[in-house]
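**Student:** Please see the structure below; I have some questions.
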Amino acid sequence: MPQTSVKTEYEKRLIALQQCIHNLQRQDTLEGVGKIAREFLRERFQFDLIWIATYQASARTLSGLQGILPIDNKDQAALHSKHAILPGDLFDQVLLTGQIQEIPSLKQDQRAGEWQGIAQRQKIQGAIILPIRYRHQPLGILLVGTTLWGGHPRSEEMNELKMLTGILGTLLFALGDDPAPRVRSSNPSGAVAPQDLTHTLSRILATNVFEERLKLVLEHTHNSIQPNQTSLYWFDTQTKTCRLQETYTGQPAKRVASKTPPSIEVEIQQIAAFYQTTEQNQVVAIADVQGVAHNHHAPARLMTLTKSRSWLSGPIANSQKLVGVLAVEGSEPRLWSDGDKQLIQLMAQLLSQDLKSNDDSIPLISGGQASLLEMFATLKDVEHEPEQWDKNLKYCLGQIGQQFAARWIGIVRHNLQTQAFDCTAQFHQKKKQPFPEKLSLLSDVDTKLLSRLSDPIAISSIEEDLRLLAWRKPLLEIGCQAYLLVRLSKLQGVGEFLILGADLRRTWTEDEVETLSSIAQPLGQAFSRRIQWQQTTIQQQINTVLNEGIWAIQQSRQAEQLFAVTTEAIDRLLGVECLVVLQWSPEHPGATIAGLVNRSKFQVNSSVSIPWQTDAFIQSILEQSQETSEVSLPKVLTLRGTASGLTTNNSGWLSGANCASLVGVPLQIHAEDPPLGIILAMDSHQRHWSPAQCKGLQLLVRELTVHYRSQYLIQHLSQNKTSCNA
């Protein structure tokens with residue numbers, strides 16, 4: 001039973017085209033044909049310029065039949081006048097080659113002849129010239145244009161124009177004044193009979209069931225072009241294969257499109273050139289696959305399996321993604337006419353439009369919800385392989401973007417230390433700037449909004465919506481005008497989010513919001529498992545560093561060796577640009593550098609004695625570290641700098657670069673103990689050390705302090721005993 005639904009915009013356009021064809025076939029004069037076509041073009045396309053002209057080959061002229069111009073002046077007479085065709089001009093090329101000419105600005109194109117002057121006075125810019133032909137015989141042209149630069153129709157609108165000019169060619173041939181015999185044919189080779197197409201469109205528009213529409217498309221295409229078979233092929237980018245899904249031969253025993261065994265299936269890689277050509281929304285016409293010319297994009301492997309020598313196909317797309325082709329195949333060589341190409345493109349376009357409103361009626365191709373869930377499941381297999389995980393996750397994000405026609409797809413994660421949001425993974429369309437690596441921290445109100453978020457946030461216009469206001473500027477800077485945000489984790493706190501961005505203002509439909517919500521949970525689970533594995537791996541690495549570092553400290557018997565192994569362990573733990581270990585004796589005013597790792601522009605003078613008791617920088621670190629305390633552990637001071645730097649106020653032993661991030665730890669366990677030195681880890685970039693790293697640093701410094709203090713006390717007592725004995 002057909003499903004009832006509101007007519008789509010494309011279906012409304014098809015109804016209008018159907019009515020136009022019906023009215024055209026009732027006309028008995030060229031003037032009547034021209035008027036009907038003119039009114040259809042003016043009403044459905046709203047062109048500023050329309051000119052329908054017939055071609056007189058003997059006189060090399062175009063005679064205006066009907067048309068419109070935006071400005072009512074003397075140029076109106078040109079619509080019904082004769083225009084000479086100059087060798088090599090735009091009209092000559094269209095009539096000679098039968099190819100459409102798209103012109104960015106007609107008033108600037110010198111190949112337009114006298115129409116350039118008309119366009120300048122009428123302010124016409126973007127224009128298209130379409131040939132009107134019957135079989136291979138040129139009969140006229142259709143010139144349309146707008147006052148906008150470029151401004152060319154969309155692909156489905158261009159298909160309507162091609163169908164209209166094809167029908168005009170049939171009617172001009174039948175009604176023309178050429179003394180050559182005219183034969184009306186219900187199905188001329190290379191042309192579509194208007195009455196047949198009208199009847200087919202009526203039947204197609206009467207049903208909303210995809211299978212029924214597919215049957216009608218296959219049947220009409222086959223009967224009009226009369227190949228050996230008419231076929232529907234699906235591309236599955238998940239398995240990277242192309243398979244024959246339906247076929248129609250027109251034989252009495254197979255009046256209904258029949259299921260084809262899945263044995264006719266090839267890898268997309270085997271027909272890569274054909275796939276790439278079709279992906280560019282092109283019709284592929286192969287006259288003879290065994291020929292040597294123009295067959296580099298032939299689906300040779302498919303044609304071998306179906307025993308075909310000639311091939312004609314049109315692309316089927318869903319949300320601008322290629323999902324299949326409608327093809328007619330012949331067992332013998334065949335030259336495909338313009339009418340054949342126009343018909344296959346129109347019928348493929350009909351199926352493309354039908355997919356948009358009947359997603360549940362078609363096989364799930366890559367990009368569908370089920371395929372996405374399968375891809376998310378495969379992420380589990382590569383959780384322990386960083387490179388493969390990143391590659392697979394980026395591919396998944398790209399598939400999500402294609403399904404939702406989004407230009408940006410990213411995963412943003414709330415950083416508990418900075419309160420900002422880090423973009424941990426993303427995919428963006430070519431020629432688009434990537435998402436910012438960090439999105440600004442939000443206001444308290446917006447942060448609470450995200451922490452309580454259960455349903456997706458749909459932003460139709462960033463400039464007009466006041467939610468998540470801190471993100472407005474960075475997103476607008478990359479061209480993002482609207483976005484859809486969904487939570488990936490149901491855990492407490494703000495967590496992770498999937499964000500889809502569009503470069504135009506748009507309204508997100510309820511179906512899109514619901515679909516994204518269903519996708520978010522399995523993706524969030526995969527992402528959470530990955531984060532947990534990363535945290536476990538990092539903790540294991542930290543534990544390894546700690547175990548090896550503490551063991552090395554405990555085995556050291558000399559102060560130099562003690563500081564050397566500690567410096568190496570802290571460097572492995574923090575990985576900073578500059579690490580300095582200072583040591584001193586409480587009774588001596590001079591400190592020395594006992595450990596140094598420097599990979600930065602910092603300049604550390606290790607040959608001087610540093611007056612630690614009067615050095616403002618060292619004393620500032622010691623004083624601030626006293627503000628926080630933890631039983632039996634050294635105090636860790638973490639500072640964030642600015643452009644002015646944190647290290648400029650010292651006695652000259654450290655210079656050369658501004659410090660943006662710094663960790664300072666005194667060699668002191670209890671407040672009553674005098675400090676015996678200080679550990680300084682510095683970086684010229686903003687760094688954020690995890691709690692596990694800071695805890696590990698405390699443990700290493702405590703072990704260093706205990707052993708160094710023991711060595712110091714033993715040495716100090718030994719010196720005092722020697723002095724007393726003396």
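We name chains A, B, ... following the order of the structure tokens; residues begin at 1 in each chain, and ligands are numbered from 1 as shown.
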Please identify all polymer residues within 9 Å of stretch 323-332 of chain A, counting only C-alpha atoms, omitting same-chain residues fewer than 2 positions from it, and present them as number ranges by chain.

**Tutor:** A: 218, 221-222, 225-237, 242, 278, 287-288, 303, 306-318, 321, 334, 344-345, 347-348, 351-352, 365-366

**Student:** Quick one: residues within 9 Å of A:Arg60, only C-alpha atoms, excluding same-chain residues fewer than 6 positions away - as a list in words?

**Tutor:**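 Result of the neighbour search: His83, Ala84, Ile85 and Leu86 of chain A.
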
**Student:** Just the strand (DSSP E) stuff from stretch 480-673 of chain A, please, per backbone DSSP, written as JSON, numbers by chain.

**Tutor:** {"A": [482, 483, 484, 485, 486, 487, 496, 497, 498, 499, 500, 501, 502, 578, 579, 580, 581, 582, 583, 590, 591, 592, 593, 594, 595, 596, 597, 598, 603, 604, 610, 611, 637, 638, 639, 640, 654, 655, 661, 662, 663, 664, 665, 666]}

**Student:** Neighbouring residues of A:Arg687 were defined as those with any atom within 10 Å, considering only C-alpha atoms; residues of the same chain fewer than 3 positions away were excluded. Please report them as a PyMOL selection string.

**Tutor:** chain A and resi 574+576+639-640+660-663+682-684+690

**Student:** Could those selected residues go to a file with N, CA and C atoms, as a PDB file, in the first residue's frame?

**Tutor:**
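Result saved to result.pdb:
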```pdb
ATOM      1  N   LEU A 574      58.257  14.247  32.804  1.00  0.00           N
ATOM      2  CA  LEU A 574      57.599  15.501  32.410  1.00  0.00           C
ATOM      3  C   LEU A 574      57.833  15.875  30.942  1.00  0.00           C
ATOM      4  N   VAL A 576      59.851  18.183  29.528  1.00  0.00           N
ATOM      5  CA  VAL A 576      59.805  19.630  29.332  1.00  0.00           C
ATOM      6  C   VAL A 576      60.995  20.110  28.506  1.00  0.00           C
ATOM      7  N   LEU A 639      53.007  27.205  37.972  1.00  0.00           N
ATOM      8  CA  LEU A 639      52.731  28.582  37.572  1.00  0.00           C
ATOM      9  C   LEU A 639      52.437  28.644  36.081  1.00  0.00           C
ATOM     10  N   ARG A 640      51.576  29.582  35.706  1.00  0.00           N
ATOM     11  CA  ARG A 640      51.292  29.864  34.303  1.00  0.00           C
ATOM     12  C   ARG A 640      51.765  31.275  34.002  1.00  0.00           C
ATOM     13  N   ALA A 660      56.423  30.254  29.848  1.00  0.00           N
ATOM     14  CA  ALA A 660      54.964  30.254  29.901  1.00  0.00           C
ATOM     15  C   ALA A 660      54.425  29.291  30.942  1.00  0.00           C
ATOM     16  N   SER A 661      55.172  28.218  31.216  1.00  0.00           N
ATOM     17  CA  SER A 661      54.728  27.230  32.206  1.00  0.00           C
ATOM     18  C   SER A 661      55.919  26.809  33.053  1.00  0.00           C
ATOM     19  N   LEU A 662      55.686  26.640  34.352  1.00  0.00           N
ATOM     20  CA  LEU A 662      56.783  26.303  35.258  1.00  0.00           C
ATOM     21  C   LEU A 662      56.266  25.440  36.396  1.00  0.00           C
ATOM     22  N   VAL A 663      57.071  24.440  36.755  1.00  0.00           N
ATOM     23  CA  VAL A 663      56.821  23.639  37.950  1.00  0.00           C
ATOM     24  C   VAL A 663      58.054  23.767  38.837  1.00  0.00           C
ATOM     25  N   MET A 682      60.653  23.947  33.163  1.00  0.00           N
ATOM     26  CA  MET A 682      60.153  25.142  32.473  1.00  0.00           C
ATOM     27  C   MET A 682      59.856  24.843  31.006  1.00  0.00           C
ATOM     28  N   ASP A 683      58.893  25.597  30.463  1.00  0.00           N
ATOM     29  CA  ASP A 683      58.512  25.436  29.058  1.00  0.00           C
ATOM     30  C   ASP A 683      58.065  26.786  28.518  1.00  0.00           C
ATOM     31  N   SER A 684      58.407  27.042  27.271  1.00  0.00           N
ATOM     32  CA  SER A 684      58.007  28.311  26.652  1.00  0.00           C
ATOM     33  C   SER A 684      56.575  28.277  26.146  1.00  0.00           C
ATOM     34  N   SER A 690      49.448  16.428  34.261  1.00  0.00           N
ATOM     35  CA  SER A 690      48.356  15.674  34.875  1.00  0.00           C
ATOM     36  C   SER A 690      48.629  15.458  36.357  1.00  0.00           C
TER      37      SER A 690
END
```

**Student:** Would you pick out the contacts of A:Leu582 at 6 Å or less, using only C-alpha atoms, so that residues sharing its chain but fewer than 5 positions from it are not included, and give the list as a PDB file with C-alpha atoms, in the first residue's frame?

**Tutor:**
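Generated output (result-v4.pdb):
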```pdb
ATOM      1  CA  THR A 592      75.207  25.069  42.050  1.00  0.00           C
ATOM      2  CA  ILE A 593      73.475  23.372  39.137  1.00  0.00           C
ATOM      3  CA  ALA A 594      73.560  19.646  39.858  1.00  0.00           C
ATOM      4  CA  GLY A 677      67.803  22.801  46.639  1.00  0.00           C
ATOM      5  CA  ILE A 678      65.045  23.184  44.116  1.00  0.00           C
TER       6      ILE A 678
END
```

**Student:** What's the 8 Å shell around A:Pro131, counting only C-alpha atoms, without same-chain residues fewer than 3 positions away, as a ChimeraX atom specification?

**Tutor:** /A:94-95,98-100,138-142,165

**Student:** Quick one: everything within 9 Å of stretch 102-116 of chain A, counting only C-alpha atoms, minus sequence neighbours fewer than 6 positions away in the same chain. Send it as a list in words.

**Tutor:**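 These residues fall inside the cut-off: His83, Ala84, Ile85, Leu86, Gly88, Asp89, Leu90, Phe91, Gln122, Lys123, Ile124, Gln125, Gly126, Ala127, Ile128, Ile129, Leu130, Gly145, Thr147, Leu148, Trp149, Gly150, Gly151 and His152 of chain A.
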
**Student:** My list of candidates is A:Ile462, A:Leu468, A:Ile118, A:Ile519. Which is closest to A:Lys448 when distances are computed with only C-alpha atoms?

**Tutor:**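 Among the listed residues, the smallest separation from A:Lys448 belongs to A:Leu468.
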
**Student:** Name all residues at most 12 Å from A:Lys394 (count only C-alpha atoms; drop same-chain ones fewer than 2 positions away) and give them as a list in words.

**Tutor:**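 The neighbour list is Met375, Phe376, Leu379, Glu387, Gln388, Trp389, Asp390, Lys391, Asn392, Cys396, Leu397, Gly398, Gln399, Ile400, Gly401, Trp408, Ile409, Gly410, Ile411, Thr424, Ala425, Gln426, Phe427, His428 and Gln429 of chain A.
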
**Student:** Hey, can you check how far atom CA of A:Ile499 sits from atom CA of A:Val412?

**Tutor:**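 Separating atom CA of A:Ile499 from atom CA of A:Val412 is a distance of 7.4 Å.
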
**Student:** What does the distance from atom CA of A:Ile621 to atom CA of A:Thr638 come to in Å, to one decimal?

**Tutor:** 9.6 Å

**Student:** Using only C-alpha atoms, which of A:Arg133, A:Lys438, A:Arg26, A:Arg557 sits nearest A:Ala53?

**Tutor:**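 The shortest atom-to-atom distance to A:Ala53 comes from A:Arg133.
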
**Student:** One decimal, in Å: what's the spacing between atom CA of A:Leu699 and atom CA of A:Ile550?

**Tutor:**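 So the answer is 8.3 Å.
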
**Student:** Calculated over only C-alpha atoms, which of the candidates A:Lys635, A:Lys341, A:Arg13, A:His685 has the smallest distance to A:Gln698?

**Tutor:**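 Ranked by minimum distance to A:Gln698, first place goes to A:Lys635.
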